[in-house]
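Undergrad: Take a look at protein12.cif, mmCIF, C-alpha atoms; chains and numbers go by the auth columns:
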data_final
loop_
_atom_site.group_PDB
_atom_site.id
_atom_site.type_symbol
_atom_site.label_atom_id
_atom_site.label_comp_id
_atom_site.label_asym_id
_atom_site.label_seq_id
_atom_site.Cartn_x
_atom_site.Cartn_y
_atom_site.Cartn_z
_atom_site.B_iso_or_equiv
_atom_site.auth_seq_id
_atom_site.auth_asym_id
ATOM 1 C CA MET A 1 -12.169 231.693 268.509 0.00 1 A
ATOM 2 C CA ALA A 2 -11.762 228.030 267.737 0.00 2 A
ATOM 3 C CA TYR A 3 -8.442 226.670 266.546 0.00 3 A
ATOM 4 C CA LYS A 4 -6.339 223.590 265.843 0.00 4 A
ATOM 5 C CA LEU A 5 -4.105 222.625 268.766 0.00 5 A
ATOM 6 C CA ILE A 6 -1.026 220.635 267.780 0.00 6 A
ATOM 7 C CA LEU A 7 -0.240 218.270 270.639 0.00 7 A
ATOM 8 C CA PRO A 8 3.409 218.273 271.805 0.00 8 A
ATOM 9 C CA ARG A 9 3.303 214.468 271.899 0.00 9 A
ATOM 10 C CA PRO A 10 0.726 212.261 270.211 0.00 10 A
ATOM 11 C CA TYR A 11 -2.053 211.248 272.586 0.00 11 A
ATOM 12 C CA GLN A 12 -3.329 207.804 271.704 0.00 12 A
ATOM 13 C CA THR A 13 -3.987 208.360 267.977 0.00 13 A
ATOM 14 C CA LEU A 14 -4.287 212.162 268.106 0.00 14 A
ATOM 15 C CA THR A 15 -1.603 214.512 266.818 0.00 15 A
ATOM 16 C CA HIS A 16 -3.899 217.533 267.101 0.00 16 A
ATOM 17 C CA ILE A 17 -7.331 218.467 268.388 0.00 17 A
ATOM 18 C CA TRP A 18 -10.016 220.875 267.268 0.00 18 A
ATOM 19 C CA ASN A 19 -10.147 223.155 270.295 0.00 19 A
ATOM 20 C CA VAL A 20 -12.112 226.047 271.771 0.00 20 A
ATOM 21 C CA SER A 21 -10.495 229.288 272.918 0.00 21 A
ATOM 22 C CA ASP A 22 -12.610 229.615 276.062 0.00 22 A
ATOM 23 C CA ARG A 23 -15.320 227.858 278.045 0.00 23 A
ATOM 24 C CA VAL A 24 -18.535 226.835 276.316 0.00 24 A
ATOM 25 C CA GLY A 25 -21.626 226.011 278.339 0.00 25 A
ATOM 26 C CA ASP A 26 -24.663 227.333 280.142 0.00 26 A
ATOM 27 C CA LEU A 27 -22.945 228.619 283.273 0.00 27 A
ATOM 28 C CA ALA A 28 -22.206 232.300 283.937 0.00 28 A
ATOM 29 C CA VAL A 29 -18.422 231.749 283.657 0.00 29 A
ATOM 30 C CA CYS A 30 -18.742 230.612 280.035 0.00 30 A
ATOM 31 C CA LYS A 31 -17.851 233.188 277.381 0.00 31 A
ATOM 32 C CA ASN A 32 -19.549 231.206 274.582 0.00 32 A
ATOM 33 C CA ASN A 33 -17.621 232.774 271.717 0.00 33 A
ATOM 34 C CA PRO A 34 -19.705 232.116 268.571 0.00 34 A
ATOM 35 C CA THR A 35 -17.152 229.968 266.740 0.00 35 A
ATOM 36 C CA ASP A 36 -16.382 228.025 269.939 0.00 36 A
ATOM 37 C CA VAL A 37 -20.106 227.273 270.343 0.00 37 A
ATOM 38 C CA ASP A 38 -20.326 226.201 266.698 0.00 38 A
ATOM 39 C CA LEU A 39 -17.297 223.901 267.078 0.00 39 A
ATOM 40 C CA VAL A 40 -18.792 222.266 270.184 0.00 40 A
ATOM 41 C CA ALA A 41 -22.163 221.857 268.443 0.00 41 A
ATOM 42 C CA LEU A 42 -20.533 220.174 265.436 0.00 42 A
ATOM 43 C CA LEU A 43 -18.257 217.951 267.556 0.00 43 A
ATOM 44 C CA ILE A 44 -21.110 216.839 269.801 0.00 44 A
ATOM 45 C CA GLY A 45 -23.400 216.385 266.799 0.00 45 A
ATOM 46 C CA ALA A 46 -20.813 214.143 265.145 0.00 46 A
ATOM 47 C CA TYR A 47 -20.321 212.305 268.436 0.00 47 A
ATOM 48 C CA ILE A 48 -24.037 211.661 268.919 0.00 48 A
ATOM 49 C CA PHE A 49 -24.943 210.758 265.357 0.00 49 A
ATOM 50 C CA LYS A 50 -21.776 208.915 264.389 0.00 50 A
ATOM 51 C CA VAL A 51 -20.480 207.348 267.622 0.00 51 A
ATOM 52 C CA VAL A 52 -23.223 206.949 270.221 0.00 52 A
ATOM 53 C CA GLU A 53 -25.752 204.159 269.796 0.00 53 A
ATOM 54 C CA THR A 54 -28.957 206.091 269.123 0.00 54 A
ATOM 55 C CA LYS A 55 -31.508 203.367 268.365 0.00 55 A
ATOM 56 C CA HIS A 56 -33.040 203.642 271.848 0.00 56 A
ATOM 57 C CA MET A 57 -33.113 207.453 271.882 0.00 57 A
ATOM 58 C CA HIS A 58 -36.333 209.395 271.576 0.00 58 A
ATOM 59 C CA PRO A 59 -36.516 211.006 268.093 0.00 59 A
ATOM 60 C CA ASP A 60 -36.552 214.507 269.619 0.00 60 A
ATOM 61 C CA CYS A 61 -33.103 213.844 271.103 0.00 61 A
ATOM 62 C CA LYS A 62 -31.720 213.332 267.600 0.00 62 A
ATOM 63 C CA THR A 63 -32.693 216.797 266.390 0.00 63 A
ATOM 64 C CA PRO A 64 -29.681 218.363 264.659 0.00 64 A
ATOM 65 C CA PHE A 65 -28.017 221.239 266.450 0.00 65 A
ATOM 66 C CA LEU A 66 -28.474 224.771 265.252 0.00 66 A
ATOM 67 C CA VAL A 67 -25.030 225.921 264.156 0.00 67 A
ATOM 68 C CA ASN A 68 -25.550 229.640 264.573 0.00 68 A
ATOM 69 C CA GLY A 69 -22.953 230.698 267.135 0.00 69 A
ATOM 70 C CA LYS A 70 -25.460 230.731 270.004 0.00 70 A
ATOM 71 C CA MET A 71 -25.599 228.528 273.075 0.00 71 A
ATOM 72 C CA ASP A 72 -28.985 226.860 273.460 0.00 72 A
ATOM 73 C CA ILE A 73 -30.609 224.330 275.753 0.00 73 A
ATOM 74 C CA ASN A 74 -29.982 221.429 273.347 0.00 74 A
ATOM 75 C CA ILE A 75 -26.220 222.056 273.237 0.00 75 A
ATOM 76 C CA ALA A 76 -26.145 222.612 277.022 0.00 76 A
ATOM 77 C CA TYR A 77 -27.917 219.302 277.635 0.00 77 A
ATOM 78 C CA TRP A 78 -25.531 217.339 275.420 0.00 78 A
ATOM 79 C CA ILE A 79 -22.464 218.991 276.992 0.00 79 A
ATOM 80 C CA ARG A 80 -23.630 217.488 280.275 0.00 80 A
ATOM 81 C CA VAL A 81 -24.173 214.073 278.655 0.00 81 A
ATOM 82 C CA VAL A 82 -20.707 214.155 277.084 0.00 82 A
ATOM 83 C CA ASN A 83 -19.058 215.210 280.348 0.00 83 A
ATOM 84 C CA ARG A 84 -20.834 212.582 282.414 0.00 84 A
ATOM 85 C CA THR A 85 -19.905 209.910 279.884 0.00 85 A
ATOM 86 C CA HIS A 86 -16.322 211.095 279.465 0.00 86 A
ATOM 87 C CA HIS A 87 -15.627 211.483 283.173 0.00 87 A
ATOM 88 C CA ASN A 88 -17.584 208.434 284.319 0.00 88 A
ATOM 89 C CA ARG A 89 -20.015 210.525 286.369 0.00 89 A
ATOM 90 C CA ARG A 90 -17.312 211.728 288.787 0.00 90 A
ATOM 91 C CA LEU A 91 -17.807 215.426 288.117 0.00 91 A
ATOM 92 C CA LYS A 92 -19.162 217.919 290.575 0.00 92 A
ATOM 93 C CA PHE A 93 -22.543 219.216 289.407 0.00 93 A
ATOM 94 C CA ASP A 94 -21.322 222.750 288.644 0.00 94 A
ATOM 95 C CA ASP A 95 -18.522 221.442 286.409 0.00 95 A
ATOM 96 C CA GLU A 96 -20.760 219.292 284.240 0.00 96 A
ATOM 97 C CA GLY A 97 -22.083 222.055 282.005 0.00 97 A
ATOM 98 C CA ILE A 98 -18.769 223.232 280.567 0.00 98 A
ATOM 99 C CA ILE A 99 -16.500 222.267 277.696 0.00 99 A
ATOM 100 C CA SER A 100 -13.167 223.899 278.515 0.00 100 A
ATOM 101 C CA ARG A 101 -10.185 224.749 276.360 0.00 101 A
ATOM 102 C CA ALA A 102 -7.581 222.012 276.449 0.00 102 A
ATOM 103 C CA LYS A 103 -4.056 223.240 277.025 0.00 103 A
ATOM 104 C CA ARG A 104 -2.743 219.783 276.111 0.00 104 A
ATOM 105 C CA ALA A 105 -4.323 216.329 275.963 0.00 105 A
ATOM 106 C CA THR A 106 -4.296 215.616 279.689 0.00 106 A
ATOM 107 C CA TYR A 107 -4.319 217.343 283.067 0.00 107 A
ATOM 108 C CA GLY A 108 -3.267 215.458 286.175 0.00 108 A
ATOM 109 C CA THR A 109 -4.807 212.029 285.735 0.00 109 A
ATOM 110 C CA GLY A 110 -7.658 213.163 283.496 0.00 110 A
ATOM 111 C CA THR A 111 -8.269 214.227 279.923 0.00 111 A
ATOM 112 C CA TRP A 112 -10.210 217.242 278.720 0.00 112 A
ATOM 113 C CA SER A 113 -13.723 216.501 277.455 0.00 113 A
ATOM 114 C CA ILE A 114 -12.944 218.150 274.130 0.00 114 A
ATOM 115 C CA VAL A 115 -10.022 215.745 273.736 0.00 115 A
ATOM 116 C CA GLY A 116 -12.401 212.845 274.369 0.00 116 A
ATOM 117 C CA LEU A 117 -14.747 214.143 271.670 0.00 117 A
ATOM 118 C CA ASN A 118 -11.876 214.469 269.181 0.00 118 A
ATOM 119 C CA LEU A 119 -10.638 210.978 270.060 0.00 119 A
ATOM 120 C CA ALA A 120 -14.080 209.369 269.630 0.00 120 A
ATOM 121 C CA ILE A 121 -14.617 211.051 266.275 0.00 121 A
ATOM 122 C CA LYS A 122 -11.151 210.116 265.016 0.00 122 A
ATOM 123 C CA LYS A 123 -11.636 206.503 266.097 0.00 123 A
ATOM 124 C CA HIS A 124 -15.022 206.060 264.428 0.00 124 A
ATOM 125 C CA HIS A 125 -14.729 208.516 261.528 0.00 125 A
ATOM 126 C CA PRO A 126 -11.091 209.402 260.808 0.00 126 A
ATOM 127 C CA ASP A 127 -11.923 211.222 257.571 0.00 127 A
ATOM 128 C CA LEU A 128 -14.345 213.551 259.378 0.00 128 A
ATOM 129 C CA TYR A 129 -11.721 214.210 262.057 0.00 129 A
ATOM 130 C CA GLU A 130 -8.982 215.042 259.542 0.00 130 A
ATOM 131 C CA ARG A 131 -11.190 217.223 257.356 0.00 131 A
ATOM 132 C CA PHE A 132 -13.272 218.782 260.121 0.00 132 A
ATOM 133 C CA PRO A 133 -13.036 222.384 258.801 0.00 133 A
ATOM 134 C CA HIS A 134 -14.638 221.097 255.592 0.00 134 A
ATOM 135 C CA HIS A 135 -17.626 219.603 257.473 0.00 135 A
ATOM 136 C CA ALA A 136 -20.771 220.273 255.436 0.00 136 A
ATOM 137 C CA GLN A 137 -22.347 222.304 258.259 0.00 137 A
ATOM 138 C CA CYS A 138 -19.207 224.242 259.225 0.00 138 A
ATOM 139 C CA PRO A 139 -19.990 227.981 259.038 0.00 139 A
ATOM 140 C CA PRO A 140 -17.499 230.118 257.073 0.00 140 A
ATOM 141 C CA ALA A 141 -16.175 231.943 260.164 0.00 141 A
ATOM 142 C CA LEU A 142 -15.445 228.663 261.975 0.00 142 A
ATOM 143 C CA LYS A 143 -13.879 227.109 258.883 0.00 143 A
ATOM 144 C CA GLN A 144 -11.590 230.113 258.492 0.00 144 A
ATOM 145 C CA GLU A 145 -10.489 229.987 262.133 0.00 145 A
ATOM 146 C CA LEU A 146 -9.807 226.236 262.053 0.00 146 A
ATOM 147 C CA LEU A 147 -7.772 226.551 258.859 0.00 147 A
ATOM 148 C CA ASP A 148 -5.903 229.712 259.848 0.00 148 A
ATOM 149 C CA LYS A 149 -5.289 229.356 263.559 0.00 149 A
ATOM 150 C CA THR A 150 -2.923 226.679 264.782 0.00 150 A
ATOM 151 C CA SER A 151 -1.248 226.599 268.160 0.00 151 A
ATOM 152 C CA PRO A 152 1.668 224.359 269.058 0.00 152 A
#
What do you get writing this file as structure tokens?
TA:
Amino acid sequence: MAYKLILPRPYQTLTHIWNVSDRVGDLAVCKNNPTDVDLVALLIGAYIFKVVETKHMHPDCKTPFLVNGKMDINIAYWIRVVNRTHHNRRLKFDDEGIISRAKRATYGTGTWSIVGLNLAIKKHHPDLYERFPHHAQCPPALKQELLDKTSP
């Protein structure tokens, strides 16, 4: 069940993040709650199509994500791309396929991948970041959770 996490202290330009309630990915430990999967699909879709330079990408890589609450191979692939990019390729292989719930902006010396996605979207498209629940592709269940559920 996706939600809005209010950060205790602003992190760079973020005062909140759009967060997942549990792990999303293609590994057995991932619960893949439907609204969490939809949030990740929309965040990564916005990241790819709005932030990443896509002129050298094969057209099949630019296929929009299905926002249907189900983990698929396309979302799993892009989770790995986002994690490798965000963590500068320092991840262990079995950690690459997961977007985890952020408890705050940072942990130890790192930041959560979902925080990196939120930060990239806010930097390049602040209106999309602020109005994310009103995203044109946001399913009603996800919109309701993002608008209703806030955690300090």
Undergrad: Which is closest to Ser100 in chain A among A:Gly45, A:Gly25, A:Pro126, A:Pro140, if we use only C-alpha atoms?
TA: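 Distance minimum relative to Ser100 in chain A lands on A:Gly25.
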Undergrad: Between CA of Ala76 in chain A and CA of Arg23 in chain A, what is the distance, to one decimal in Å?
TA: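 Computed distance, CA of Ala76 in chain A to CA of Arg23 in chain A, equals 12.1 Å.
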Undergrad: Dump as JSON lines the rows for residues of range 60-129 of chain A within 10 Å of range 29-33 of chain A: closest atom pair and distance in Å with one decimal, all atoms listed in the file counted, ordered by chain and rising residue number.
TA:
{"residue": "A:Gly69", "atom": "CA", "partner": "A:Asn33", "partner_atom": "CA", "distance": 7.3}
{"residue": "A:Lys70", "atom": "CA", "partner": "A:Asn32", "partner_atom": "CA", "distance": 7.5}
{"residue": "A:Met71", "atom": "CA", "partner": "A:Asn32", "partner_atom": "CA", "distance": 6.8}
{"residue": "A:Gly97", "atom": "CA", "partner": "A:Cys30", "partner_atom": "CA", "distance": 9.4}
{"residue": "A:Ile98", "atom": "CA", "partner": "A:Cys30", "partner_atom": "CA", "distance": 7.4}
{"residue": "A:Ile99", "atom": "CA", "partner": "A:Cys30", "partner_atom": "CA", "distance": 9.0}
{"residue": "A:Ser100", "atom": "CA", "partner": "A:Cys30", "partner_atom": "CA", "distance": 8.9}
Undergrad: Which one of A:Ala141, A:Ala46, A:Ala2, A:Val37 sits closest to His125 in chain A if you count only C-alpha atoms?
TA: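 Between A:Ala141, A:Ala46, A:Ala2, A:Val37, the residue approaching His125 in chain A most closely is A:Ala46.
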Undergrad: A:Leu42, A:Ile73, A:Val24, A:Ile6: which is nearest Lys143 in chain A, counting only C-alpha atoms?
TA: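 Closest candidate: A:Leu42.
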Undergrad: Report the residues retrieved by the PyMOL selection byres ((chain A and resi 15) around 12) from the displayed file, expressed as a PyMOL selection string.
TA: chain A and resi 4-14+16-18+104-105+115+118-119+122+129-130+152
Undergrad: What is the distance, in Å and to one decimal place, between CA of Val81 in chain A and CA of Trp112 in chain A?
TA: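 Distance reported for this atom pair: 14.3 Å.
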Undergrad: Report, in Å with one decimal, the straight-line distance from CA of Glu145 in chain A to CA of Arg101 in chain A.
TA: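 Computing it gives 15.2 Å between the two atoms.
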Undergrad: Between A:Ile79, A:Ile44, A:Leu146, A:Leu117, single out the one closest to His134 in chain A, counting all atoms listed in the file.
TA: A:Leu146
Undergrad: Would you list the contacts of Asp72 in chain A as a PyMOL selection string, taking every protein, DNA or RNA residue within 10 Å and counting only C-alpha atoms, but skipping same-chain residues closer than 5 positions in sequence?
TA: chain A and resi 25-26+37+41+65-66+77
Undergrad: Determine the nearest neighbour of Pro34 in chain A from the options A:Ile48, A:Val82, A:Leu142, A:Ala136, counting all atoms listed in the file.
TA: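 For Pro34 in chain A, the nearest of the given residues is A:Leu142.
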Undergrad: Hey, what comes out of the PyMOL selection byres ((chain A and resi 21) around 7) on this file? Could you write it as a list in words?
TA: Met1, Ala2, Asn19, Val20, Asp22, Asp36 and Arg101 of chain A
Undergrad: Find the residue from A:Thr35, A:His124, A:Ala28, A:Asn83 that sits nearest to Cys138 in chain A; use all atoms listed in the file when measuring.
TA: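 The shortest atom-to-atom distance to Cys138 in chain A comes from A:Thr35.
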Undergrad: Axis-aligned box over every listed atom of range 34-49 of chain A, padded by 5 Å per side: centre and edges in Å to one decimal, as JSON?
TA:
{"center_x": -20.7, "center_y": 221.4, "center_z": 267.7, "size_x": 18.6, "size_y": 31.4, "size_z": 15.2}
Undergrad: Could I see range 13-33 of chain A restored to N, CA and C atoms, set down as a compact mmCIF listing (two decimals), keeping the file's coordinate frame?
TA:
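What ended up in result-v5.txt:
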# COMPACT_ATOMS: atom_id res chain seq x y z
N THR A 13 -4.18 208.22 269.43
CA THR A 13 -3.99 208.36 267.98
C THR A 13 -4.03 209.82 267.52
N LEU A 14 -4.15 210.74 268.46
CA LEU A 14 -4.29 212.16 268.11
C LEU A 14 -2.94 212.88 268.00
N THR A 15 -2.76 213.62 266.94
CA THR A 15 -1.60 214.51 266.82
C THR A 15 -2.03 215.96 267.02
N HIS A 16 -3.33 216.20 266.89
CA HIS A 16 -3.90 217.53 267.10
C HIS A 16 -5.34 217.37 267.56
N ILE A 17 -5.90 218.46 268.07
CA ILE A 17 -7.33 218.47 268.39
C ILE A 17 -7.95 219.75 267.85
N TRP A 18 -9.23 219.69 267.59
CA TRP A 18 -10.02 220.88 267.27
C TRP A 18 -10.47 221.42 268.61
N ASN A 19 -10.04 222.63 268.93
CA ASN A 19 -10.15 223.16 270.30
C ASN A 19 -10.92 224.47 270.35
N VAL A 20 -11.45 224.78 271.53
CA VAL A 20 -12.11 226.05 271.77
C VAL A 20 -11.13 227.00 272.44
N SER A 21 -11.39 228.29 272.31
CA SER A 21 -10.50 229.29 272.92
C SER A 21 -10.89 229.61 274.35
N ASP A 22 -12.13 229.33 274.72
CA ASP A 22 -12.61 229.62 276.06
C ASP A 22 -13.78 228.69 276.37
N ARG A 23 -14.25 228.76 277.60
CA ARG A 23 -15.32 227.86 278.04
C ARG A 23 -16.61 228.02 277.23
N VAL A 24 -17.24 226.88 276.98
CA VAL A 24 -18.54 226.84 276.32
C VAL A 24 -19.48 226.09 277.24
N GLY A 25 -20.64 226.66 277.48
CA GLY A 25 -21.63 226.01 278.34
C GLY A 25 -22.71 226.97 278.77
N ASP A 26 -23.53 226.51 279.71
CA ASP A 26 -24.66 227.33 280.14
C ASP A 26 -24.45 227.99 281.50
N LEU A 27 -23.23 227.97 282.00
CA LEU A 27 -22.94 228.62 283.27
C LEU A 27 -22.45 230.05 283.04
N ALA A 28 -22.56 230.89 284.07
CA ALA A 28 -22.21 232.30 283.94
C ALA A 28 -20.73 232.51 283.58
N VAL A 29 -19.86 231.59 283.94
CA VAL A 29 -18.42 231.75 283.66
C VAL A 29 -18.06 231.45 282.20
N CYS A 30 -19.01 230.99 281.42
CA CYS A 30 -18.74 230.61 280.04
C CYS A 30 -18.87 231.82 279.11
N LYS A 31 -17.82 232.06 278.32
CA LYS A 31 -17.85 233.19 277.38
C LYS A 31 -18.71 232.88 276.16
N ASN A 32 -18.74 231.63 275.74
CA ASN A 32 -19.55 231.21 274.58
C ASN A 32 -19.26 232.04 273.34
N ASN A 33 -17.98 232.12 272.98
CA ASN A 33 -17.62 232.77 271.72
C ASN A 33 -18.34 232.04 270.59
